[in-house]
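Peer 1: Handing over entry_20.txt, compact mmCIF, C-alpha atoms.
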```
# COMPACT_ATOMS: atom_id res chain seq x y z
CA MET I 1 34.05 1.21 -34.36
CA ASN I 2 31.63 -1.44 -33.11
CA THR I 3 31.82 -4.44 -35.43
CA ASP I 4 29.41 -6.64 -33.52
CA PRO I 5 26.66 -8.13 -35.68
CA PRO I 6 23.12 -6.82 -35.17
CA GLY I 7 21.65 -8.21 -31.98
CA ALA I 8 25.00 -9.17 -30.46
CA PRO I 9 25.48 -8.17 -26.83
CA VAL I 10 28.50 -6.11 -25.92
CA SER I 11 30.91 -7.36 -23.28
CA LEU I 12 30.88 -5.09 -20.24
CA LYS I 13 33.10 -4.85 -17.21
CA LEU I 14 30.58 -4.76 -14.38
CA PRO I 15 30.96 -4.99 -10.61
CA SER I 16 30.88 -8.41 -9.00
CA PRO I 17 27.62 -9.71 -7.47
CA GLY I 18 29.06 -9.07 -4.01
CA LYS I 19 29.77 -5.44 -4.80
CA LEU I 20 26.33 -5.00 -6.35
CA ALA I 21 24.76 -6.42 -3.20
CA SER I 22 26.86 -4.02 -1.11
CA TYR I 23 25.77 -1.05 -3.22
CA GLY I 24 22.12 -2.07 -2.96
CA GLY I 25 22.41 -2.63 0.78
CA ALA I 26 24.02 0.79 1.21
CA ILE I 27 21.17 2.47 -0.65
CA VAL I 28 18.56 0.65 1.42
CA GLY I 29 20.48 1.75 4.53
CA ILE I 30 20.29 5.36 3.35
CA TRP I 31 16.52 5.06 2.93
CA ILE I 32 16.16 3.60 6.42
CA PHE I 33 18.32 6.38 7.86
CA ALA I 34 16.22 9.00 6.05
CA GLY I 35 13.04 7.44 7.44
CA VAL I 36 14.39 7.51 10.98
CA ILE I 37 15.33 11.18 10.59
CA GLN I 38 11.82 11.92 9.29
CA LEU I 39 10.35 10.21 12.35
CA LEU I 40 12.64 11.91 14.85
CA ARG I 41 11.95 15.34 13.41
CA GLY I 42 8.20 14.77 13.44
CA TRP I 43 7.87 15.02 9.65
CA TRP I 44 6.52 11.53 8.98
CA LEU I 45 3.68 9.57 10.62
CA ILE I 46 4.07 11.18 14.06
CA ASP I 47 5.09 14.62 15.30
CA SER I 48 7.58 15.41 18.04
CA ALA I 49 4.85 14.91 20.64
CA GLY I 50 4.01 11.45 19.32
CA ARG I 51 0.71 12.48 17.70
CA PRO I 52 -0.24 11.15 14.24
CA VAL I 53 0.43 13.66 11.46
CA PHE I 54 -1.04 14.16 8.02
CA SER I 55 -0.12 11.69 5.27
CA ASN I 56 -1.71 10.70 1.98
CA PHE I 57 -3.01 7.48 3.53
CA LEU I 58 -5.23 9.62 5.73
CA CYS I 59 -7.93 9.93 3.07
CA PHE I 60 -7.99 6.12 2.61
CA TRP I 61 -8.52 5.59 6.31
CA ALA I 62 -11.06 8.41 6.67
CA ALA I 63 -13.11 7.22 3.69
CA GLY I 64 -13.12 3.72 5.11
CA LYS I 65 -14.18 5.10 8.49
CA LEU I 66 -17.18 6.81 6.92
CA ALA I 67 -18.08 3.68 4.97
CA ALA I 68 -17.78 1.51 8.07
CA GLY I 69 -20.22 3.86 9.78
CA GLY I 70 -22.79 3.46 7.03
CA GLN I 71 -21.92 6.77 5.35
CA ALA I 72 -20.00 5.53 2.32
CA ALA I 73 -21.44 8.20 0.02
CA ALA I 74 -20.25 10.89 2.46
CA SER I 75 -16.65 9.86 1.76
CA TYR I 76 -16.95 11.83 -1.50
CA ASN I 77 -18.10 14.92 0.39
CA TRP I 78 -15.05 17.11 1.00
CA HIS I 79 -16.35 18.66 4.20
CA ALA I 80 -17.54 15.36 5.67
CA ILE I 81 -14.23 13.59 5.13
CA SER I 82 -12.24 16.61 6.36
CA VAL I 83 -13.97 16.32 9.74
CA VAL I 84 -12.83 12.70 10.10
CA GLU I 85 -9.31 13.57 8.94
CA ALA I 86 -8.99 16.51 11.32
CA ALA I 87 -10.06 14.35 14.27
CA ALA I 88 -7.41 11.72 13.49
CA VAL I 89 -4.22 13.76 13.26
CA ALA I 90 -2.42 16.70 14.81
CA PRO I 91 -3.53 20.17 13.66
CA GLY I 92 -2.35 21.10 10.19
CA LEU I 93 -3.31 20.44 6.59
CA THR I 94 -6.04 17.83 6.91
CA ILE I 95 -8.17 18.32 3.80
CA LEU I 96 -7.42 15.51 1.39
CA PRO I 97 -10.27 14.32 -0.85
CA TRP I 98 -11.33 10.74 -1.53
CA LEU I 99 -11.78 10.40 -5.29
CA TYR I 100 -11.09 6.72 -5.84
CA PRO I 101 -13.84 4.49 -7.31
CA PRO I 102 -16.21 2.76 -4.86
CA GLY I 103 -14.39 -0.54 -5.34
CA PHE I 104 -11.42 0.83 -3.42
CA LEU I 105 -13.65 1.21 -0.36
CA LEU I 106 -13.71 -2.59 -0.18
CA VAL I 107 -10.06 -2.30 0.88
CA ALA I 108 -10.23 0.99 2.78
CA THR I 109 -13.14 -0.04 5.00
CA PRO I 110 -11.46 -3.04 6.71
CA LEU I 111 -8.33 -0.94 7.26
CA SER I 112 -10.37 1.73 9.04
CA TYR I 113 -11.15 -0.65 11.91
CA LEU I 114 -7.53 -0.29 13.00
CA PRO I 115 -6.13 2.89 14.56
CA TYR I 116 -4.85 5.27 11.88
CA LEU I 117 -1.12 4.62 12.36
CA TRP I 118 -1.51 0.85 12.60
CA ALA I 119 -3.68 0.84 9.48
CA CYS I 120 -1.08 2.90 7.64
CA ALA I 121 1.72 0.54 8.69
CA LEU I 122 -0.30 -2.51 7.63
CA TRP I 123 -1.09 -0.91 4.27
CA LEU I 124 2.56 -0.19 3.49
CA LEU I 125 3.76 -3.56 4.76
CA ALA I 126 1.15 -5.66 2.94
CA THR I 127 1.37 -3.83 -0.39
CA GLY I 128 5.16 -3.62 -0.11
CA ILE I 129 5.54 -7.37 0.40
CA VAL I 130 3.29 -8.13 -2.58
CA TYR I 131 5.26 -5.65 -4.70
CA ILE I 132 8.58 -7.30 -3.81
CA LEU I 133 7.16 -10.77 -4.50
CA VAL I 134 5.93 -9.65 -7.93
CA VAL I 135 9.31 -8.14 -8.85
CA ARG I 136 10.89 -11.41 -7.76
CA LEU I 137 8.35 -13.31 -9.88
CA ILE I 138 9.34 -11.27 -12.92
CA PHE I 139 13.08 -11.84 -12.45
CA PRO I 140 13.78 -14.60 -9.91
CA HIS I 141 17.31 -13.63 -8.99
CA ARG I 142 19.06 -13.18 -5.67
CA LEU I 143 19.63 -9.45 -6.31
CA THR I 144 16.02 -8.73 -7.28
CA VAL I 145 14.80 -7.98 -3.77
CA LEU I 146 17.59 -5.42 -3.35
CA LEU I 147 16.54 -3.83 -6.64
CA ALA I 148 12.97 -3.50 -5.40
CA LEU I 149 14.02 -2.06 -2.03
CA ALA I 150 16.76 0.25 -3.27
CA ALA I 151 14.74 1.93 -6.05
CA PRO I 152 14.12 5.59 -5.08
CA THR I 153 10.42 5.31 -5.89
CA THR I 154 10.14 2.67 -3.16
CA MET I 155 11.29 5.22 -0.59
CA PHE I 156 9.01 7.89 -2.05
CA ASN I 157 5.96 5.64 -1.81
CA VAL I 158 6.73 4.78 1.82
CA ILE I 159 7.18 8.44 2.77
CA GLU I 160 4.01 9.45 0.92
CA THR I 161 2.10 6.37 2.25
CA GLU I 162 0.57 5.97 -1.19
CA THR I 163 -0.68 3.33 -3.66
CA GLY I 164 2.53 2.89 -5.66
CA PHE I 165 3.26 -0.63 -4.37
CA MET I 166 -0.27 -1.79 -5.15
CA VAL I 167 -0.26 -0.37 -8.69
CA ALA I 168 3.21 -1.79 -9.42
CA ALA I 169 2.21 -5.22 -8.10
CA LEU I 170 -0.98 -5.39 -10.18
CA ILE I 171 0.66 -4.18 -13.39
CA GLY I 172 3.76 -6.33 -12.85
CA PHE I 173 1.74 -9.47 -12.11
CA THR I 174 -0.50 -8.88 -15.13
CA LEU I 175 2.49 -8.65 -17.45
CA ALA I 176 4.45 -11.46 -15.77
CA VAL I 177 1.74 -14.13 -16.16
CA LEU I 178 -0.03 -12.78 -19.26
CA GLU I 179 1.29 -15.50 -21.57
CA ARG I 180 1.10 -18.43 -19.13
CA ARG I 181 -2.01 -17.64 -17.08
CA PRO I 182 -4.22 -15.21 -19.01
CA GLY I 183 -7.11 -15.66 -16.59
CA LEU I 184 -5.01 -14.61 -13.60
CA ALA I 185 -3.50 -11.76 -15.61
CA GLY I 186 -7.00 -10.47 -16.35
CA LEU I 187 -7.95 -10.81 -12.69
CA ALA I 188 -5.06 -8.56 -11.63
CA LEU I 189 -5.81 -6.10 -14.41
CA GLY I 190 -9.47 -5.97 -13.40
CA LEU I 191 -8.47 -5.14 -9.83
CA LEU I 192 -6.48 -2.20 -11.21
CA THR I 193 -9.80 -0.45 -11.86
CA VAL I 194 -9.54 0.84 -8.29
CA LYS I 195 -7.13 3.33 -9.94
CA PRO I 196 -8.67 3.34 -13.41
CA GLN I 197 -6.33 5.89 -15.01
CA PHE I 198 -3.54 3.29 -14.92
CA GLY I 199 -5.60 0.89 -17.01
CA LEU I 200 -6.04 3.26 -19.95
CA LEU I 201 -3.32 1.58 -22.03
CA PHE I 202 -4.14 -2.08 -21.46
CA PRO I 203 -7.53 -2.56 -23.19
CA ILE I 204 -6.04 -1.12 -26.38
CA LEU I 205 -2.92 -3.29 -26.07
CA LEU I 206 -4.90 -6.45 -25.40
CA ILE I 207 -7.27 -5.90 -28.32
CA THR I 208 -4.47 -4.97 -30.68
CA SER I 209 -2.39 -8.02 -29.76
CA GLY I 210 -5.37 -10.41 -29.66
CA ASN I 211 -5.11 -11.28 -25.95
CA TRP I 212 -8.84 -11.80 -25.66
CA ARG I 213 -8.79 -14.15 -22.66
CA VAL I 214 -6.99 -11.53 -20.61
CA PHE I 215 -9.36 -8.84 -21.87
CA TRP I 216 -12.53 -10.72 -20.94
CA SER I 217 -11.13 -11.86 -17.61
CA ALA I 218 -10.26 -8.24 -16.75
CA THR I 219 -13.72 -7.09 -17.85
CA ALA I 220 -15.45 -9.72 -15.72
CA THR I 221 -13.29 -8.84 -12.70
CA ALA I 222 -13.99 -5.12 -13.06
CA ILE I 223 -17.74 -5.80 -13.24
CA ALA I 224 -17.53 -8.09 -10.20
CA VAL I 225 -15.67 -5.44 -8.16
CA ALA I 226 -18.26 -2.81 -9.11
CA ALA I 227 -21.10 -5.18 -8.19
CA MET I 228 -19.52 -6.00 -4.82
CA ALA I 229 -19.16 -2.28 -4.08
CA SER I 230 -22.82 -1.72 -4.95
CA LEU I 231 -23.91 -4.56 -2.67
CA ALA I 232 -21.67 -3.42 0.19
CA PHE I 233 -22.39 0.32 0.07
CA GLY I 234 -25.59 0.66 -1.95
CA PRO I 235 -26.11 1.82 -5.55
CA ALA I 236 -26.12 5.47 -4.41
CA ILE I 237 -22.36 5.26 -3.90
CA TRP I 238 -21.91 5.47 -7.67
CA SER I 239 -23.87 8.69 -8.05
CA ALA I 240 -21.79 10.21 -5.23
CA TYR I 241 -18.60 9.14 -6.98
CA LEU I 242 -19.66 10.42 -10.40
CA HIS I 243 -20.76 13.70 -8.84
CA ALA I 244 -17.36 14.10 -7.14
CA ILE I 245 -15.21 13.48 -10.24
CA PRO I 246 -15.73 16.94 -11.80
CA THR I 247 -14.71 18.58 -8.52
CA ILE I 248 -11.15 17.24 -8.58
CA GLY I 249 -8.92 19.89 -7.11
CA ALA I 250 -11.83 22.12 -6.09
CA ALA I 251 -11.37 21.78 -2.34
CA ASP I 252 -12.30 24.83 -0.31
CA LEU I 253 -8.89 25.22 1.34
CA GLY I 254 -9.27 28.90 2.01
CA GLU I 255 -10.53 32.20 0.66
CA GLY I 256 -9.72 32.54 -3.03
CA ASP I 257 -8.15 29.07 -3.24
CA ARG I 258 -10.97 27.25 -5.06
CA GLN I 259 -9.28 25.96 -8.21
CA ARG I 260 -9.36 22.88 -10.35
CA LEU I 261 -6.36 20.61 -9.95
CA MET I 262 -5.91 20.06 -13.67
CA ASP I 263 -5.90 23.82 -14.18
CA GLY I 264 -3.04 24.31 -11.74
CA GLY I 265 -4.90 24.18 -8.44
CA THR I 266 -3.73 22.73 -5.14
CA ILE I 267 -0.81 20.83 -6.69
CA ALA I 268 1.88 22.64 -8.68
CA TRP I 269 2.47 21.72 -12.31
CA CYS I 270 6.09 20.81 -11.53
CA ASP I 271 4.83 18.07 -9.21
CA ILE I 272 2.72 16.33 -11.87
CA GLN I 273 4.95 14.11 -13.99
CA THR I 274 3.38 14.05 -17.47
CA TRP I 275 3.83 15.77 -20.83
CA TYR I 276 0.52 17.51 -20.11
CA SER I 277 1.99 19.13 -17.00
CA VAL I 278 5.23 20.00 -18.85
CA ALA I 279 3.22 21.99 -21.39
CA ARG I 280 1.23 23.77 -18.67
CA TYR I 281 4.40 24.48 -16.69
CA LEU I 282 5.89 26.14 -19.77
CA GLY I 283 2.84 28.39 -20.07
CA ALA I 284 0.82 26.70 -22.81
CA SER I 285 -2.92 27.36 -22.91
CA SER I 286 -5.37 24.63 -21.94
CA ALA I 287 -6.27 23.96 -25.59
CA THR I 288 -2.62 23.77 -26.67
CA THR I 289 -1.82 21.50 -23.77
CA TRP I 290 -4.52 19.03 -24.73
CA ILE I 291 -3.15 19.00 -28.28
CA VAL I 292 0.30 18.17 -26.88
CA TYR I 293 -1.28 15.44 -24.76
CA ALA I 294 -3.15 14.00 -27.75
CA ILE I 295 0.02 13.91 -29.86
CA THR I 296 2.23 12.32 -27.19
CA THR I 297 -0.44 9.83 -26.17
CA GLY I 298 -1.31 8.88 -29.74
CA THR I 299 2.34 8.41 -30.66
CA CYS I 300 2.98 6.30 -27.58
CA LEU I 301 -0.09 4.12 -28.14
CA LEU I 302 0.69 3.49 -31.80
CA THR I 303 4.31 2.68 -31.03
CA VAL I 304 3.65 0.27 -28.17
CA CYS I 305 0.76 -1.42 -29.99
CA TRP I 306 3.07 -1.93 -32.97
CA LEU I 307 5.72 -3.41 -30.68
CA TRP I 308 3.25 -5.86 -29.15
CA ARG I 309 2.48 -7.25 -32.60
CA GLN I 310 6.15 -7.91 -33.39
CA PRO I 311 8.00 -11.23 -32.84
CA VAL I 312 10.19 -9.87 -30.05
CA SER I 313 10.74 -10.93 -26.47
CA HIS I 314 7.80 -10.64 -24.07
CA ASN I 315 10.24 -9.06 -21.61
CA LEU I 316 10.69 -6.07 -23.94
CA LYS I 317 6.97 -5.83 -24.63
CA SER I 318 6.21 -5.86 -20.90
CA ALA I 319 8.88 -3.27 -20.09
CA ALA I 320 7.52 -0.98 -22.82
CA ALA I 321 3.97 -1.33 -21.51
CA ALA I 322 5.03 -0.60 -17.92
CA VAL I 323 6.74 2.63 -19.00
CA ALA I 324 4.04 3.68 -21.48
CA VAL I 325 1.43 3.55 -18.72
CA PHE I 326 2.82 6.85 -17.44
CA ILE I 327 3.02 8.55 -20.83
CA VAL I 328 -0.59 8.04 -21.85
CA ILE I 329 -2.25 9.55 -18.77
CA PRO I 330 -2.37 13.29 -18.00
CA TYR I 331 -1.99 13.03 -14.22
CA VAL I 332 0.65 11.03 -12.36
CA MET I 333 2.91 11.73 -9.38
CA SER I 334 6.46 10.69 -8.51
CA TYR I 335 5.28 8.10 -5.97
CA ASP I 336 3.31 6.35 -8.74
CA MET I 337 6.57 5.59 -10.53
CA VAL I 338 7.19 2.42 -8.52
CA VAL I 339 6.12 0.64 -11.71
CA LEU I 340 9.43 1.72 -13.25
CA THR I 341 11.07 -0.95 -11.08
CA VAL I 342 8.81 -3.48 -12.79
CA ALA I 343 10.02 -2.25 -16.18
CA ILE I 344 13.67 -2.48 -15.12
CA ALA I 345 13.11 -6.00 -13.75
CA PHE I 346 11.82 -7.12 -17.16
CA LEU I 347 14.80 -5.47 -18.86
CA LEU I 348 17.29 -7.15 -16.51
CA LYS I 349 15.60 -10.46 -17.20
CA GLU I 350 16.11 -9.82 -20.91
CA ASN I 351 19.73 -8.83 -20.28
CA HIS I 352 20.23 -12.05 -18.35
CA ARG I 353 19.02 -13.94 -21.42
CA THR I 354 20.83 -12.03 -24.17
CA GLY I 355 23.52 -9.94 -22.49
CA PHE I 356 23.97 -6.23 -21.86
CA ARG I 357 24.63 -3.60 -24.50
CA ARG I 358 26.44 -0.30 -24.20
CA GLY I 359 24.33 2.25 -22.37
CA ASP I 360 21.88 -0.20 -20.79
CA ILE I 361 23.07 0.29 -17.22
CA GLU I 362 23.32 4.07 -17.56
CA VAL I 363 19.76 4.37 -18.90
CA TYR I 364 18.39 2.09 -16.18
CA ILE I 365 20.11 4.07 -13.42
CA LEU I 366 18.89 7.36 -14.87
CA ALA I 367 15.29 6.09 -15.08
CA LEU I 368 15.36 4.98 -11.44
CA ALA I 369 17.28 7.99 -10.11
CA ILE I 370 15.31 10.85 -11.71
CA PRO I 371 12.46 10.53 -9.14
CA LEU I 372 14.98 11.76 -6.54
CA TYR I 373 15.16 15.24 -8.06
CA PRO I 374 12.23 16.75 -6.04
CA LEU I 375 14.39 16.27 -2.93
CA PHE I 376 17.02 18.66 -4.29
CA ALA I 377 15.23 21.00 -6.70
CA ASP I 378 11.73 22.05 -5.74
CA GLY I 379 9.71 23.80 -8.41
CA ILE I 380 11.68 22.88 -11.53
CA ILE I 381 10.16 21.54 -14.73
CA PRO I 382 8.81 17.96 -14.47
CA LEU I 383 11.67 15.67 -15.49
CA LEU I 384 10.10 12.21 -15.36
CA PRO I 385 8.29 12.57 -18.72
CA PHE I 386 11.71 13.09 -20.34
CA SER I 387 13.39 10.14 -18.61
CA ASN I 388 10.37 7.87 -19.17
CA SER I 389 10.31 8.72 -22.87
CA LEU I 390 14.05 8.05 -23.07
CA LEU I 391 13.60 4.66 -21.40
CA LEU I 392 10.76 3.77 -23.78
CA ALA I 393 12.88 4.81 -26.77
CA TRP I 394 15.74 2.66 -25.43
CA ILE I 395 13.41 -0.34 -25.14
CA LEU I 396 12.18 0.21 -28.70
CA ARG I 397 15.78 0.43 -29.91
CA ARG I 398 16.57 -2.85 -28.15
CA ALA I 399 13.48 -4.45 -29.72
CA TRP I 400 14.48 -3.16 -33.17
CA VAL I 401 17.99 -4.58 -32.80
CA SER I 402 16.50 -7.90 -31.68
CA GLY I 403 14.21 -7.87 -34.71
CA VAL I 404 17.14 -7.24 -37.02
CA ALA I 405 18.97 -10.17 -35.44
CA LEU I 406 15.98 -12.44 -36.02
CA THR I 407 15.60 -11.25 -39.61
CA THR I 408 19.28 -11.63 -40.48
CA GLY I 409 19.64 -14.86 -38.56
CA THR I 410 22.62 -13.61 -36.55
CA GLY I 411 20.88 -14.20 -33.26
CA SER I 412 22.53 -13.26 -29.98
CA VAL I 413 26.01 -14.09 -28.82
CA SER I 414 25.83 -16.64 -26.04
CA ASN I 415 27.08 -15.93 -22.56
CA GLU I 416 30.03 -18.23 -23.17
CA GLN I 417 31.03 -16.01 -26.12
CA GLY I 418 31.59 -13.10 -23.85
CA SER I 419 28.38 -11.31 -22.88
CA VAL I 420 28.73 -10.12 -19.32
CA GLY I 421 26.06 -8.53 -17.15
CA VAL I 422 24.76 -8.10 -13.65
CA ALA I 423 22.52 -11.14 -13.72
CA VAL I 424 24.89 -13.25 -15.80
CA SER I 425 27.81 -12.58 -13.49
CA ALA I 426 25.71 -13.20 -10.42
CA GLY I 427 24.76 -16.68 -11.44
CA PRO I 428 21.67 -18.18 -13.05
CA ALA I 429 18.25 -16.87 -12.18
CA ARG I 430 16.39 -19.12 -9.84
```
How does the structure come out when it is put into structure tokens?
Peer 2:
Amino acid sequence: MNTDPPGAPVSLKLPSPGKLASYGGAIVGIWIFAGVIQLLRGWWLIDSAGRPVFSNFLCFWAAGKLAAGGQAAASYNWHAISVVEAAAVAPGLTILPWLYPPGFLLVATPLSYLPYLWACALWLLATGIVYILVVRLIFPHRLTVLLALAAPTTMFNVIETETGFMVAALIGFTLAVLERRPGLAGLALGLLTVKPQFGLLFPILLITSGNWRVFWSATATAIAVAAMASLAFGPAIWSAYLHAIPTIGAADLGEGDRQRLMDGGTIAWCDIQTWYSVARYLGASSATTWIVYAITTGTCLLTVCWLWRQPVSHNLKSAAAAVAVFIVIPYVMSYDMVVLTVAIAFLLKENHRTGFRRGDIEVYILALAIPLYPLFADGIIPLLPFSNSLLLAWILRRAWVSGVALTTGTGSVSNEQGSVGVAVSAGPAR
């Protein structure tokens, strides 16, 4: 029976820092090997003849190309953007819509001046470096970079050439500097409006917890980005964007294939990683599914808002917010889960401070490994909502135990008293 007082860390026998570095390096090596195989087989970036192939970045580049040519509003026209996409890559699936807010064109347009492949490489490199730097900012430890590189979602985002690094960097930076530099935190959060669904949680959290400086800084930044987009592309860009929003998933990909995405259109329900998609995958009606979504979202919001008002570590609050982001929105993909690395970084930072408890490592590995399942089991029920909810529950449990320790005055056992963990064993964070 565990006789440790509430809040006391449990001594764990963990691998040495050298072994952990070897494991991380081996995983990164596997990702590099997988990328090389993808390239050689013509499945990623270029085909066997050396021609560019379809990737998700294609719509960013094509939208920027239209905007650079003075046709920014046409980027929201499915047929107009498909012409640009088809001209850029080898024959195949080349219809990918541009449905990001006009502010994102401020980034996409400069990229479009480069050839497609070079623009794609620059996008992944620049956003990837910023992502790694932010994870290192959260937990400045010599193993942090390996954590960021070895996480499966890192590989997924590279293969999909998507926005996961950017979203993780903005959310991670916001949470990392929120207490010290609220103005900068709000700036990063305001920039997140280029993917507005990921900002759904934060206004409620900031208001509930009284972080008004962050809230107003984010509001001012969002307004500034919108104004810059209007000046750069004209006010008509907004009407084009608003007109395109209801057509999500309604691309004319072929006879009889005109369907709405959120009603099970061009992307299968098993690919969307939310409780909404779980309900639809299991056959629930649209009305029932929205009830499920309302219940899960409401529960998550109330729980995380409650946590943010408690006298617990900011690391736990930040980790909970990073995970909850994916529970409160109805549409998210596996490559978006790069933010989970941000959550784990905050948790490891907390472990470094207070020690590890039984089950911590197993839950962290599960949360990071679950995004691998599409590689081995195509078409099964979405699993990430389950693992994300488990991780959030684990964070809440850790926060509750910490609260009990504060209330009872037991505190945490110091490292010298026997708490052992990855970061503790590896030396002090720098």
Peer 1: Can you measure atom CA of Leu117 of chain I to atom CA of Leu45 of chain I for me? One decimal in Å is fine.
Peer 2: 7.1 Å
Peer 1: Can you list, as a PyMOL selection string, every protein, DNA or RNA residue that comes within 12 Å of Ile27 of chain I when you count all atoms listed in the file, leaving out same-chain residues fewer than 3 positions away?
Peer 2: chain I and resi 20-24+30-34+146-152+154-155+369
Peer 1: With 9 Å as the threshold, what does the neighbourhood of (3.9, 10.4, -2.1) contain in terms of residues, counting only C-alpha atoms? Coordinates are those of the file; answer as a list of chain:residue names.
Peer 2: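 Protein, DNA and RNA residues close to (3.9, 10.4, -2.1): I:Ser55, I:Asn56, I:Phe156, I:Asn157, I:Val158, I:Ile159, I:Glu160, I:Thr161, I:Glu162, I:Thr163, I:Gly164, I:Met333, I:Ser334, I:Tyr335, I:Asp336.
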Peer 1: Between I:Leu302, I:Ala345, I:Leu396, I:Leu340, single out the one closest to Ile370 of chain I, counting all atoms listed in the file.
Peer 2: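 With all atoms listed in the file as the atom set, the closest residue is I:Leu340.
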Peer 1: Which residues are near Pro91 of chain I? Cut-off 12 Å, all atoms listed in the file, ignore same chain within fewer than 3 positions. Put them as a list of chain:residue names.
Peer 2: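 Counting only the stated atoms, we get I:Ile46, I:Asp47, I:Arg51, I:Pro52, I:Val53, I:Phe54, I:Ser82, I:Val83, I:Glu85, I:Ala86, I:Ala87, I:Ala88, I:Thr94, I:Ile95.
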Peer 1: Taking all atoms of segment 307-311 of chain I that the file lists and extending 5 Å past them on each side, where is the centre of the axis-aligned box and how long are its edges? Answer in Å to one decimal, as lines of an AutoDock Vina configuration file.
Peer 2:
```
center_x = 5.2
center_y = -7.3
center_z = -31.3
size_x = 15.5
size_y = 17.8
size_z = 14.2
```
Peer 1: Residues near segment 190-193 of chain I, anyone? I mean within 8 Å using all atoms listed in the file, not counting same-chain ones fewer than 5 positions away, as a ChimeraX atom specification.
Peer 2: /I:101,103,167,170-171,198-199,217-222,225
Peer 1: Output segment 269-281 of chain I with N, CA and C atoms present, as a PDB file, in the coordinates of the input.
Peer 2:
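Contents of out_35.pdb, freshly written:
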```pdb
ATOM      1  N   TRP I 269       2.224  22.442 -11.068  1.00  0.00           N
ATOM      2  CA  TRP I 269       2.470  21.720 -12.310  1.00  0.00           C
ATOM      3  C   TRP I 269       3.789  20.957 -12.273  1.00  0.00           C
ATOM      4  N   CYS I 270       4.784  21.481 -11.577  1.00  0.00           N
ATOM      5  CA  CYS I 270       6.090  20.810 -11.530  1.00  0.00           C
ATOM      6  C   CYS I 270       6.018  19.501 -10.761  1.00  0.00           C
ATOM      7  N   ASP I 271       4.961  19.301  -9.965  1.00  0.00           N
ATOM      8  CA  ASP I 271       4.830  18.070  -9.210  1.00  0.00           C
ATOM      9  C   ASP I 271       4.158  16.950  -9.999  1.00  0.00           C
ATOM     10  N   ILE I 272       3.405  17.315 -11.038  1.00  0.00           N
ATOM     11  CA  ILE I 272       2.720  16.330 -11.870  1.00  0.00           C
ATOM     12  C   ILE I 272       3.664  15.906 -12.990  1.00  0.00           C
ATOM     13  N   GLN I 273       3.869  14.610 -13.142  1.00  0.00           N
ATOM     14  CA  GLN I 273       4.950  14.110 -13.990  1.00  0.00           C
ATOM     15  C   GLN I 273       4.438  13.573 -15.327  1.00  0.00           C
ATOM     16  N   THR I 274       3.876  14.450 -16.160  1.00  0.00           N
ATOM     17  CA  THR I 274       3.380  14.050 -17.470  1.00  0.00           C
ATOM     18  C   THR I 274       3.726  15.124 -18.491  1.00  0.00           C
ATOM     19  N   TRP I 275       3.605  14.776 -19.779  1.00  0.00           N
ATOM     20  CA  TRP I 275       3.830  15.770 -20.830  1.00  0.00           C
ATOM     21  C   TRP I 275       2.763  16.859 -20.775  1.00  0.00           C
ATOM     22  N   TYR I 276       1.577  16.513 -20.301  1.00  0.00           N
ATOM     23  CA  TYR I 276       0.520  17.510 -20.110  1.00  0.00           C
ATOM     24  C   TYR I 276       1.005  18.597 -19.140  1.00  0.00           C
ATOM     25  N   SER I 277       1.553  18.163 -18.005  1.00  0.00           N
ATOM     26  CA  SER I 277       1.990  19.130 -17.000  1.00  0.00           C
ATOM     27  C   SER I 277       3.215  19.913 -17.473  1.00  0.00           C
ATOM     28  N   VAL I 278       4.081  19.289 -18.296  1.00  0.00           N
ATOM     29  CA  VAL I 278       5.230  20.000 -18.850  1.00  0.00           C
ATOM     30  C   VAL I 278       4.747  21.179 -19.687  1.00  0.00           C
ATOM     31  N   ALA I 279       3.753  20.929 -20.539  1.00  0.00           N
ATOM     32  CA  ALA I 279       3.220  21.990 -21.390  1.00  0.00           C
ATOM     33  C   ALA I 279       2.599  23.103 -20.562  1.00  0.00           C
ATOM     34  N   ARG I 280       1.841  22.742 -19.522  1.00  0.00           N
ATOM     35  CA  ARG I 280       1.230  23.770 -18.670  1.00  0.00           C
ATOM     36  C   ARG I 280       2.282  24.538 -17.891  1.00  0.00           C
ATOM     37  N   TYR I 281       3.311  23.834 -17.428  1.00  0.00           N
ATOM     38  CA  TYR I 281       4.400  24.480 -16.690  1.00  0.00           C
ATOM     39  C   TYR I 281       5.092  25.520 -17.564  1.00  0.00           C
TER      40      TYR I 281
END
```
